[in-house]
file my_file.pdb (PDB, C-alpha atoms, pLDDT in the B column)
ATOM      1  CA  MET A 732      86.956  74.345 105.330  1.00 45.00           C
ATOM      2  CA  SER A 733      88.634  75.903 102.360  1.00 45.00           C
ATOM      3  CA  GLU A 734      88.625  79.595 101.864  1.00 46.00           C
ATOM      4  CA  SER A 735      88.460  81.168  98.457  1.00 43.00           C
ATOM      5  CA  ILE A 736      90.961  83.921  97.956  1.00 43.00           C
ATOM      6  CA  THR A 737      90.170  86.553  95.374  1.00 43.00           C
ATOM      7  CA  THR A 738      92.837  88.830  94.015  1.00 42.00           C
ATOM      8  CA  GLU A 739      91.768  92.304  92.993  1.00 44.00           C
ATOM      9  CA  VAL A 740      93.272  93.278  89.676  1.00 43.00           C
ATOM     10  CA  LYS A 741      93.851  97.000  89.592  1.00 46.00           C
ATOM     11  CA  PRO A 742      93.426  98.714  86.226  1.00 51.00           C
ATOM     12  CA  LEU A 743      96.571 100.169  84.737  1.00 57.00           C
ATOM     13  CA  LYS A 744      96.794 103.870  85.464  1.00 63.00           C
ATOM     14  CA  HIS A 745      98.012 104.658  81.952  1.00 80.00           C
ATOM     15  CA  ALA A 746      96.185 101.926  80.059  1.00 87.00           C
ATOM     16  CA  GLU A 747      95.028 104.333  77.334  1.00 89.00           C
ATOM     17  CA  ASP A 748      98.615 105.406  76.661  1.00 90.00           C
ATOM     18  CA  LEU A 749      99.724 101.768  76.464  1.00 93.00           C
ATOM     19  CA  GLU A 750      96.893 101.021  74.070  1.00 94.00           C
ATOM     20  CA  LEU A 751      97.870 103.956  71.843  1.00 93.00           C
ATOM     21  CA  VAL A 752     101.514 102.847  71.804  1.00 94.00           C
ATOM     22  CA  GLY A 753     100.525  99.280  70.977  1.00 93.00           C
ATOM     23  CA  ARG A 754      98.327 100.358  68.088  1.00 94.00           C
ATOM     24  CA  ALA A 755     101.002 102.724  66.785  1.00 93.00           C
ATOM     25  CA  LEU A 756     103.670 100.006  66.898  1.00 93.00           C
ATOM     26  CA  GLU A 757     101.330  97.729  64.964  1.00 93.00           C
ATOM     27  CA  GLY A 758     101.261 100.374  62.247  1.00 91.00           C
ATOM     28  CA  GLU A 759      97.699 101.587  62.709  1.00 93.00           C
ATOM     29  CA  THR A 760      97.568 104.829  60.711  1.00 93.00           C
ATOM     30  CA  VAL A 761      95.166 106.654  63.034  1.00 95.00           C
ATOM     31  CA  ALA A 762      97.241 105.828  66.126  1.00 93.00           C
ATOM     32  CA  VAL A 763     100.528 106.828  64.472  1.00 94.00           C
ATOM     33  CA  ARG A 764      99.036 110.140  63.368  1.00 93.00           C
ATOM     34  CA  GLN A 765      97.555 110.789  66.829  1.00 93.00           C
ATOM     35  CA  PHE A 766     100.926 110.050  68.447  1.00 94.00           C
ATOM     36  CA  GLN A 767     102.828 112.324  66.065  1.00 93.00           C
ATOM     37  CA  ASP A 768     100.317 115.186  66.158  1.00 92.00           C
ATOM     38  CA  THR A 769     100.283 115.139  69.964  1.00 89.00           C
ATOM     39  CA  TYR A 770     103.947 114.773  70.852  1.00 91.00           C
ATOM     40  CA  ARG A 771     106.023 116.164  67.983  1.00 92.00           C
ATOM     41  CA  PRO A 772     105.043 119.838  68.559  1.00 90.00           C
ATOM     42  CA  LEU A 773     104.999 119.361  72.346  1.00 88.00           C
ATOM     43  CA  LEU A 774     108.556 118.026  72.518  1.00 90.00           C
ATOM     44  CA  ALA A 775     109.920 120.748  70.255  1.00 90.00           C
ATOM     45  CA  ARG A 776     108.294 123.474  72.361  1.00 87.00           C
ATOM     46  CA  VAL A 777     109.560 121.934  75.599  1.00 85.00           C
ATOM     47  CA  LEU A 778     113.122 121.903  74.252  1.00 87.00           C
ATOM     48  CA  MET A 779     112.896 125.486  73.007  1.00 86.00           C
ATOM     49  CA  SER A 780     111.510 126.604  76.354  1.00 80.00           C
ATOM     50  CA  ARG A 781     114.640 125.153  77.927  1.00 78.00           C
ATOM     51  CA  GLY A 782     116.849 127.256  75.649  1.00 80.00           C
ATOM     52  CA  VAL A 783     117.425 124.819  72.767  1.00 87.00           C
ATOM     53  CA  GLY A 784     117.451 126.505  69.341  1.00 88.00           C
ATOM     54  CA  ARG A 785     114.532 125.784  67.021  1.00 89.00           C
ATOM     55  CA  VAL A 786     116.611 123.936  64.418  1.00 92.00           C
ATOM     56  CA  ASP A 787     118.368 121.773  67.026  1.00 92.00           C
ATOM     57  CA  ALA A 788     115.063 121.074  68.769  1.00 92.00           C
ATOM     58  CA  GLU A 789     113.286 120.035  65.573  1.00 92.00           C
ATOM     59  CA  ASP A 790     116.240 117.884  64.458  1.00 93.00           C
ATOM     60  CA  LEU A 791     116.376 116.089  67.809  1.00 94.00           C
ATOM     61  CA  VAL A 792     112.622 115.489  67.857  1.00 94.00           C
ATOM     62  CA  ALA A 793     112.805 114.118  64.298  1.00 93.00           C
ATOM     63  CA  ASP A 794     115.511 111.673  65.413  1.00 93.00           C
ATOM     64  CA  ILE A 795     113.504 110.630  68.459  1.00 94.00           C
ATOM     65  CA  PHE A 796     110.402 110.005  66.376  1.00 93.00           C
ATOM     66  CA  ALA A 797     112.375 107.951  63.874  1.00 91.00           C
ATOM     67  CA  GLU A 798     113.691 105.819  66.737  1.00 92.00           C
ATOM     68  CA  CYS A 799     110.192 105.451  68.180  1.00 93.00           C
ATOM     69  CA  PHE A 800     109.445 103.113  65.281  1.00 88.00           C
ATOM     70  CA  GLY A 801     112.905 101.570  64.970  1.00 79.00           C
ATOM     71  CA  ALA A 802     114.672 103.695  62.362  1.00 60.00           C
ATOM     72  CA  GLY A 803     117.167 105.750  64.339  1.00 52.00           C
ATOM     73  CA  LYS A 804     120.471 107.108  63.042  1.00 52.00           C
ATOM     74  CA  ASN A 805     122.358 104.893  65.492  1.00 53.00           C
ATOM     75  CA  GLY A 806     121.169 101.736  63.781  1.00 52.00           C
ATOM     76  CA  ARG A 807     118.514 101.014  66.395  1.00 52.00           C
ATOM     77  CA  THR A 808     116.379  98.059  65.391  1.00 68.00           C
ATOM     78  CA  ARG A 809     114.130  97.794  68.444  1.00 83.00           C
ATOM     79  CA  PRO A 810     111.533 100.581  68.396  1.00 91.00           C
ATOM     80  CA  LEU A 811     112.062 103.097  71.192  1.00 92.00           C
ATOM     81  CA  LEU A 812     108.327 103.044  71.914  1.00 93.00           C
ATOM     82  CA  SER A 813     108.527  99.351  72.779  1.00 92.00           C
ATOM     83  CA  LYS A 814     110.309 100.377  75.995  1.00 91.00           C
ATOM     84  CA  PHE A 815     107.254 102.266  77.249  1.00 91.00           C
ATOM     85  CA  GLU A 816     105.654 100.199  80.021  1.00 88.00           C
ATOM     86  CA  GLY A 817     102.972 102.570  81.283  1.00 86.00           C
ATOM     87  CA  ARG A 818     104.627 103.259  84.642  1.00 82.00           C
ATOM     88  CA  SER A 819     104.185 106.966  83.938  1.00 80.00           C
ATOM     89  CA  SER A 820     102.078 108.855  81.436  1.00 82.00           C
ATOM     90  CA  LEU A 821     103.234 108.759  77.821  1.00 88.00           C
ATOM     91  CA  SER A 822     103.749 112.527  77.850  1.00 85.00           C
ATOM     92  CA  THR A 823     105.996 112.261  80.922  1.00 82.00           C
ATOM     93  CA  TRP A 824     107.968 109.408  79.367  1.00 88.00           C
ATOM     94  CA  MET A 825     108.429 111.137  76.005  1.00 90.00           C
ATOM     95  CA  ILE A 826     109.482 114.443  77.582  1.00 86.00           C
ATOM     96  CA  ARG A 827     112.000 112.795  79.879  1.00 84.00           C
ATOM     97  CA  THR A 828     113.372 110.590  77.094  1.00 88.00           C
ATOM     98  CA  THR A 829     113.851 113.564  74.788  1.00 90.00           C
ATOM     99  CA  TRP A 830     115.365 115.808  77.447  1.00 86.00           C
ATOM    100  CA  ASN A 831     117.765 113.067  78.573  1.00 86.00           C
ATOM    101  CA  ARG A 832     118.849 112.620  74.967  1.00 89.00           C
ATOM    102  CA  TRP A 833     119.592 116.338  74.737  1.00 88.00           C
ATOM    103  CA  LEU A 834     121.654 116.180  77.936  1.00 84.00           C
ATOM    104  CA  ASP A 835     123.563 113.207  76.530  1.00 85.00           C
ATOM    105  CA  LEU A 836     124.401 115.174  73.391  1.00 86.00           C
ATOM    106  CA  LYS A 837     125.605 118.147  75.441  1.00 82.00           C
ATOM    107  CA  ARG A 838     127.759 115.926  77.623  1.00 78.00           C
ATOM    108  CA  ARG A 839     129.286 114.154  74.641  1.00 77.00           C
ATOM    109  CA  ASP A 840     130.157 117.519  73.081  1.00 70.00           C
ATOM    110  CA  LYS A 841     131.739 118.563  76.357  1.00 62.00           C
ATOM    111  CA  PHE A 842     133.659 115.288  76.562  1.00 55.00           C
ATOM    112  CA  ARG A 843     135.042 115.690  73.040  1.00 55.00           C
ATOM    113  CA  GLY A 844     136.239 119.198  73.861  1.00 51.00           C
ATOM    114  CA  GLU A 845     137.574 118.490  77.343  1.00 49.00           C
ATOM    115  CA  LEU A 846     139.405 115.169  77.607  1.00 44.00           C
ATOM    116  CA  PRO A 847     140.047 114.671  81.323  1.00 46.00           C
ATOM    117  CA  SER A 848     143.544 114.071  82.658  1.00 45.00           C
ATOM    118  CA  TYR A 849     143.984 111.406  85.298  1.00 40.00           C
ATOM    119  CA  GLU A 850     146.208 112.497  88.141  1.00 44.00           C
ATOM    120  CA  ASP A 851     144.804 109.922  90.533  1.00 45.00           C
ATOM    121  CA  ASP A 852     145.453 106.254  89.783  1.00 42.00           C
ATOM    122  CA  ASP A 853     142.020 105.404  91.205  1.00 46.00           C
ATOM    123  CA  GLU A 854     140.404 107.304  88.356  1.00 44.00           C
ATOM    124  CA  ARG A 855     142.227 105.507  85.558  1.00 45.00           C
ATOM    125  CA  GLY A 856     139.695 102.753  85.442  1.00 45.00           C
ATOM    126  CA  ALA A 857     136.725 105.097  85.400  1.00 42.00           C
ATOM    127  CA  ASP A 858     134.766 105.793  82.262  1.00 41.00           C
ATOM    128  CA  PRO A 859     135.702 109.337  81.099  1.00 39.00           C
ATOM    129  CA  PHE A 860     132.186 109.880  79.748  1.00 37.00           C
ATOM    130  CA  GLU A 861     130.658 108.993  83.103  1.00 40.00           C
ATOM    131  CA  ARG A 862     132.986 111.473  84.828  1.00 39.00           C
ATOM    132  CA  ILE A 863     131.878 114.242  82.477  1.00 35.00           C
ATOM    133  CA  ALA A 864     128.221 113.236  82.746  1.00 38.00           C
ATOM    134  CA  GLY A 865     128.422 113.404  86.503  1.00 40.00           C
ATOM    135  CA  THR A 866     129.503 117.030  86.549  1.00 39.00           C
ATOM    136  CA  ASP A 867     125.941 118.309  86.211  1.00 43.00           C
ATOM    137  CA  PRO A 868     123.939 116.463  88.889  1.00 39.00           C
ATOM    138  CA  GLY A 869     121.437 119.255  89.334  1.00 40.00           C
ATOM    139  CA  GLU A 870     120.007 119.160  85.812  1.00 46.00           C
ATOM    140  CA  ASP A 871     116.517 117.730  85.498  1.00 51.00           C
ATOM    141  CA  LEU A 872     113.526 117.887  83.200  1.00 48.00           C
ATOM    142  CA  LEU A 873     112.211 121.042  84.802  1.00 50.00           C
ATOM    143  CA  ASP A 874     114.840 123.430  86.061  1.00 57.00           C
ATOM    144  CA  ARG A 875     114.045 125.491  89.099  1.00 65.00           C
ATOM    145  CA  ASP A 876     113.630 128.770  87.207  1.00 69.00           C
ATOM    146  CA  LEU A 877     111.039 127.397  84.802  1.00 73.00           C
ATOM    147  CA  ALA A 878     109.172 125.623  87.604  1.00 76.00           C
ATOM    148  CA  GLU A 879     109.055 128.820  89.652  1.00 82.00           C
ATOM    149  CA  MET A 880     107.799 130.843  86.675  1.00 84.00           C
ATOM    150  CA  MET A 881     105.071 128.320  85.937  1.00 86.00           C
ATOM    151  CA  GLY A 882     104.004 128.114  89.564  1.00 88.00           C
ATOM    152  CA  ARG A 883     103.927 131.895  89.940  1.00 90.00           C
ATOM    153  CA  ALA A 884     101.945 132.293  86.692  1.00 92.00           C
ATOM    154  CA  ILE A 885      99.172 129.887  87.653  1.00 92.00           C
ATOM    155  CA  ARG A 886      98.921 131.260  91.192  1.00 92.00           C
ATOM    156  CA  GLU A 887      98.496 134.786  89.795  1.00 93.00           C
ATOM    157  CA  ALA A 888      95.905 133.449  87.353  1.00 94.00           C
ATOM    158  CA  PHE A 889      93.814 132.020  90.192  1.00 94.00           C
ATOM    159  CA  ASP A 890      94.248 135.245  92.146  1.00 93.00           C
ATOM    160  CA  SER A 891      92.699 137.121  89.207  1.00 93.00           C
ATOM    161  CA  LEU A 892      89.371 135.344  89.719  1.00 95.00           C
ATOM    162  CA  GLU A 893      86.583 136.927  91.730  1.00 95.00           C
ATOM    163  CA  PRO A 894      86.458 135.424  95.244  1.00 94.00           C
ATOM    164  CA  GLU A 895      83.004 133.953  94.660  1.00 95.00           C
ATOM    165  CA  ILE A 896      84.087 132.241  91.429  1.00 95.00           C
ATOM    166  CA  LEU A 897      87.265 130.950  93.065  1.00 94.00           C
ATOM    167  CA  LEU A 898      85.171 129.459  95.863  1.00 95.00           C
ATOM    168  CA  MET A 899      82.983 127.680  93.308  1.00 96.00           C
ATOM    169  CA  LEU A 900      86.076 126.208  91.654  1.00 94.00           C
ATOM    170  CA  LYS A 901      87.459 125.015  94.976  1.00 93.00           C
ATOM    171  CA  LEU A 902      84.184 123.394  95.978  1.00 95.00           C
ATOM    172  CA  SER A 903      83.883 121.657  92.619  1.00 94.00           C
ATOM    173  CA  HIS A 904      87.464 120.538  91.950  1.00 91.00           C
ATOM    174  CA  LEU A 905      89.104 120.318  95.364  1.00 89.00           C
ATOM    175  CA  HIS A 906      86.214 119.122  97.502  1.00 92.00           C
ATOM    176  CA  GLY A 907      84.152 117.253  94.902  1.00 92.00           C
ATOM    177  CA  VAL A 908      80.923 119.129  95.564  1.00 94.00           C
ATOM    178  CA  SER A 909      78.447 118.489  92.752  1.00 95.00           C
ATOM    179  CA  GLN A 910      77.273 121.312  90.525  1.00 95.00           C
ATOM    180  CA  SER A 911      73.678 120.699  91.604  1.00 95.00           C
ATOM    181  CA  ALA A 912      74.715 121.187  95.249  1.00 95.00           C
ATOM    182  CA  ILE A 913      76.599 124.368  94.347  1.00 95.00           C
ATOM    183  CA  ALA A 914      73.523 125.608  92.494  1.00 95.00           C
ATOM    184  CA  ARG A 915      71.424 125.108  95.639  1.00 95.00           C
ATOM    185  CA  MET A 916      74.001 126.976  97.740  1.00 95.00           C
ATOM    186  CA  TRP A 917      73.939 129.973  95.382  1.00 96.00           C
ATOM    187  CA  ARG A 918      70.217 129.552  94.630  1.00 94.00           C
ATOM    188  CA  ILE A 919      70.833 129.619  90.908  1.00 94.00           C
ATOM    189  CA  ASP A 920      70.260 127.240  88.010  1.00 95.00           C
ATOM    190  CA  GLN A 921      72.745 124.362  87.597  1.00 94.00           C
ATOM    191  CA  THR A 922      73.341 125.372  83.972  1.00 95.00           C
ATOM    192  CA  ARG A 923      74.563 128.735  85.172  1.00 95.00           C
ATOM    193  CA  VAL A 924      76.998 127.027  87.552  1.00 95.00           C
ATOM    194  CA  SER A 925      78.319 124.891  84.708  1.00 95.00           C
ATOM    195  CA  ARG A 926      78.862 127.940  82.475  1.00 96.00           C
ATOM    196  CA  THR A 927      80.515 129.854  85.310  1.00 96.00           C
ATOM    197  CA  LEU A 928      82.969 127.045  86.050  1.00 96.00           C
ATOM    198  CA  SER A 929      83.752 126.596  82.373  1.00 95.00           C
ATOM    199  CA  ARG A 930      84.483 130.320  81.908  1.00 96.00           C
ATOM    200  CA  ALA A 931      86.605 130.311  85.062  1.00 95.00           C
ATOM    201  CA  ARG A 932      88.747 127.451  83.770  1.00 94.00           C
ATOM    202  CA  GLU A 933      89.202 129.232  80.462  1.00 95.00           C
ATOM    203  CA  GLN A 934      90.186 132.424  82.286  1.00 95.00           C
ATOM    204  CA  VAL A 935      92.745 130.568  84.391  1.00 95.00           C
ATOM    205  CA  ALA A 936      94.282 128.966  81.307  1.00 94.00           C
ATOM    206  CA  LYS A 937      94.441 132.257  79.381  1.00 94.00           C
ATOM    207  CA  ALA A 938      95.774 134.274  82.324  1.00 94.00           C
ATOM    208  CA  THR A 939      98.374 131.629  83.164  1.00 93.00           C
ATOM    209  CA  MET A 940      99.883 131.614  79.694  1.00 91.00           C
ATOM    210  CA  GLN A 941      99.775 135.426  79.522  1.00 92.00           C
ATOM    211  CA  LYS A 942     101.631 135.720  82.845  1.00 91.00           C
ATOM    212  CA  LEU A 943     104.165 133.118  81.737  1.00 87.00           C
ATOM    213  CA  ARG A 944     104.929 134.934  78.479  1.00 86.00           C
ATOM    214  CA  GLU A 945     105.190 138.242  80.314  1.00 88.00           C
ATOM    215  CA  ALA A 946     107.797 136.656  82.571  1.00 84.00           C
ATOM    216  CA  ASP A 947     109.783 135.202  79.666  1.00 79.00           C
ATOM    217  CA  GLY A 948     108.990 136.127  76.075  1.00 75.00           C
ATOM    218  CA  SER A 949     111.052 133.223  74.724  1.00 69.00           C
ATOM    219  CA  ILE A 950     108.700 130.606  76.184  1.00 73.00           C
ATOM    220  CA  GLU A 951     106.618 129.011  73.427  1.00 71.00           C
ATOM    221  CA  LEU A 952     104.458 126.674  75.468  1.00 77.00           C
ATOM    222  CA  GLU A 953     100.742 126.234  74.946  1.00 82.00           C
ATOM    223  CA  TRP A 954      98.242 125.472  77.730  1.00 86.00           C
ATOM    224  CA  GLU A 955      98.224 121.766  76.867  1.00 82.00           C
ATOM    225  CA  ASP A 956     102.030 121.762  77.109  1.00 79.00           C
ATOM    226  CA  PHE A 957     101.768 123.466  80.496  1.00 83.00           C
ATOM    227  CA  GLN A 958      99.437 120.727  81.740  1.00 81.00           C
ATOM    228  CA  LYS A 959     101.689 117.953  80.455  1.00 74.00           C
ATOM    229  CA  LEU A 960     104.735 119.529  82.078  1.00 75.00           C
ATOM    230  CA  CYS A 961     102.879 119.672  85.375  1.00 74.00           C
ATOM    231  CA  ALA A 962     102.069 115.982  84.991  1.00 66.00           C
ATOM    232  CA  ALA A 963     105.733 115.350  84.197  1.00 59.00           C
ATOM    233  CA  GLY A 964     106.934 116.578  87.548  1.00 55.00           C
ATOM    234  CA  LEU A 965     106.025 120.161  88.416  1.00 52.00           C
ATOM    235  CA  ASP A 966     104.444 120.306  91.865  1.00 53.00           C
ATOM    236  CA  LEU A 967     102.131 123.290  92.099  1.00 49.00           C
TER     237      LEU A 967
END
call {"tool": "encode", "arguments": {"input": "my_file.pdb", "output": "structure tokens"}}
result
Amino acid sequence: MSESITTEVKPLKHAEDLELVGRALEGETVAVRQFQDTYRPLLARVLMSRGVGRVDAEDLVADIFAECFGAGKNGRTRPLLSKFEGRSSLSTWMIRTTWNRWLDLKRRDKFRGELPSYEDDDERGADPFERIAGTDPGEDLLDRDLAEMMGRAIREAFDSLEPEILLMLKLSHLHGVSQSAIARMWRIDQTRVSRTLSRAREQVAKATMQKLREADGSIELEWEDFQKLCAAGLDL
């Protein structure tokens, strides 16, 4: 007796991002504009929030975007975007790609100014650039200071909510309780619950960004940037 074996095909987690990239690479005007409008300002603000000057940040982002479609200064012919495989979100991939490029530029500048001397014969065969690049192992997309500021800001934003509103948010978003069930618990109309949750989310977003700017006036992130950075690796 033969048994039929069915294989479950799981949907790609970032299928929408892959679709956008595919359409943009095919030259679809709407997709290219959506990609540029979403990520060009985001990447520049992320760089500036990490201490990169505005001019340097905008120049680097311009280079990255040129390479996304195969027209980089380094003679790249294969579009950078063609390397995106959907293993992470497009925002995560773009932020990491851009930040790694900035680190590469810093390391190359350091290498040009500090040629290493080889006192150990074992090091003669090593790549000098790799030795310089390895001197900063702790650098990552989100440094500890920025991550701590962001985490503290959003925690304080949630703390600013009234206990009853915070409980509603937790029931809805953490425990998946429906708004109709919440309405029955509070003995109010479901529309009122919906408005309350919506206002609470807006308050959290506004308070978070206010707290973040109070902590560091040089930070130029917007709420959407904050969300994308969280998706890119910040564990709150």
call {"tool": "closest_residue", "arguments": {"input": "my_file.pdb", "among": "A:Leu897, A:Ser911, A:Leu749, A:Gly758", "to": "Arg932 of chain A", "atoms": "only C-alpha atoms"}}
result
A:Leu897
call {"tool": "resolve_selection", "arguments": {"input": "my_file.pdb", "expression": "the PyMOL selection byres ((chain A and resi 789-803) around 9)", "output": "VMD selection string"}}
result
chain A and resid 755 to 756 767 771 to 772 774 to 775 778 784 to 788 804 to 813 828 to 829 832 to 833
call {"tool": "residues_around", "arguments": {"input": "my_file.pdb", "residues": "Ala938 of chain A", "least_positions_apart": "6", "cutoff": "9 Å", "atoms": "all atoms listed in the file", "output": "JSON, numbers by chain"}}
result
{"A": [884, 885, 887, 888, 889, 891]}
call {"tool": "write_last_selection", "arguments": {"input": "my_file.pdb", "atoms": "C-alpha atoms", "output": "PDB file, keeping the file's coordinate frame"}}
result
ATOM      1  CA  ALA A 884     101.945 132.293  86.692  1.00 92.00           C
ATOM      2  CA  ILE A 885      99.172 129.887  87.653  1.00 92.00           C
ATOM      3  CA  GLU A 887      98.496 134.786  89.795  1.00 93.00           C
ATOM      4  CA  ALA A 888      95.905 133.449  87.353  1.00 94.00           C
ATOM      5  CA  PHE A 889      93.814 132.020  90.192  1.00 94.00           C
ATOM      6  CA  SER A 891      92.699 137.121  89.207  1.00 93.00           C
TER       7      SER A 891
END
call {"tool": "residues_around", "arguments": {"input": "my_file.pdb", "residues": "Arg883 of chain A", "least_positions_apart": "3", "cutoff": "10 Å", "atoms": "all atoms listed in the file", "output": "list of chain:residue names"}}
result
A:Leu877, A:Ala878, A:Glu879, A:Met880, A:Arg886, A:Glu887, A:Ala888, A:Thr939, A:Lys942, A:Leu943, A:Ala946, A:Leu967
call {"tool": "resolve_selection", "arguments": {"input": "my_file.pdb", "expression": "the PyMOL selection byres ((chain A and resi 913) around 12)", "output": "number ranges by chain"}}
result
A: 895-896, 898-904, 906-912, 914-925, 927-928
call {"tool": "axis_aligned_box", "arguments": {"input": "my_file.pdb", "around": "segment 944-954 of chain A", "padding_each_side": "4 Å", "output": "AutoDock Vina command-line options"}}
result
--center_x 104.6 --center_y 131.9 --center_z 78.0 --size_x 20.8 --size_y 20.8 --size_z 17.1
call {"tool": "residues_around", "arguments": {"input": "my_file.pdb", "residues": "Gly817 of chain A", "least_positions_apart": "3", "cutoff": "10 Å", "atoms": "all atoms listed in the file", "output": "ChimeraX atom specification"}}
result
/A:743-750,752,814,820-821,824
call {"tool": "atom_distance", "arguments": {"input": "my_file.pdb", "atom1": "atom CA of Leu960 of chain A", "atom2": "atom CA of Thr823 of chain A"}}
result
7.5 Å
call {"tool": "closest_residue", "arguments": {"input": "my_file.pdb", "among": "A:Gln934, A:Arg781, A:Gly948, A:Phe957", "to": "Asp890 of chain A", "atoms": "all atoms listed in the file"}}
result
A:Gln934
call {"tool": "atom_distance", "arguments": {"input": "my_file.pdb", "atom1": "atom CA of Arg764 of chain A", "atom2": "atom CA of Cys961 of chain A"}}
result
24.3 Å
call {"tool": "atom_distance", "arguments": {"input": "my_file.pdb", "atom1": "atom CA of Glu757 of chain A", "atom2": "atom CA of Met825 of chain A"}}
result
18.8 Å
call {"tool": "closest_residue", "arguments": {"input": "my_file.pdb", "among": "A:Thr760, A:Thr769, A:Ser929, A:Gln941", "to": "Ile826 of chain A", "atoms": "all atoms listed in the file"}}
result
A:Thr769
call {"tool": "closest_residue", "arguments": {"input": "my_file.pdb", "among": "A:Arg839, A:Ile950, A:Ala762, A:Gln958", "to": "Ala936 of chain A", "atoms": "only C-alpha atoms"}}
result
A:Gln958
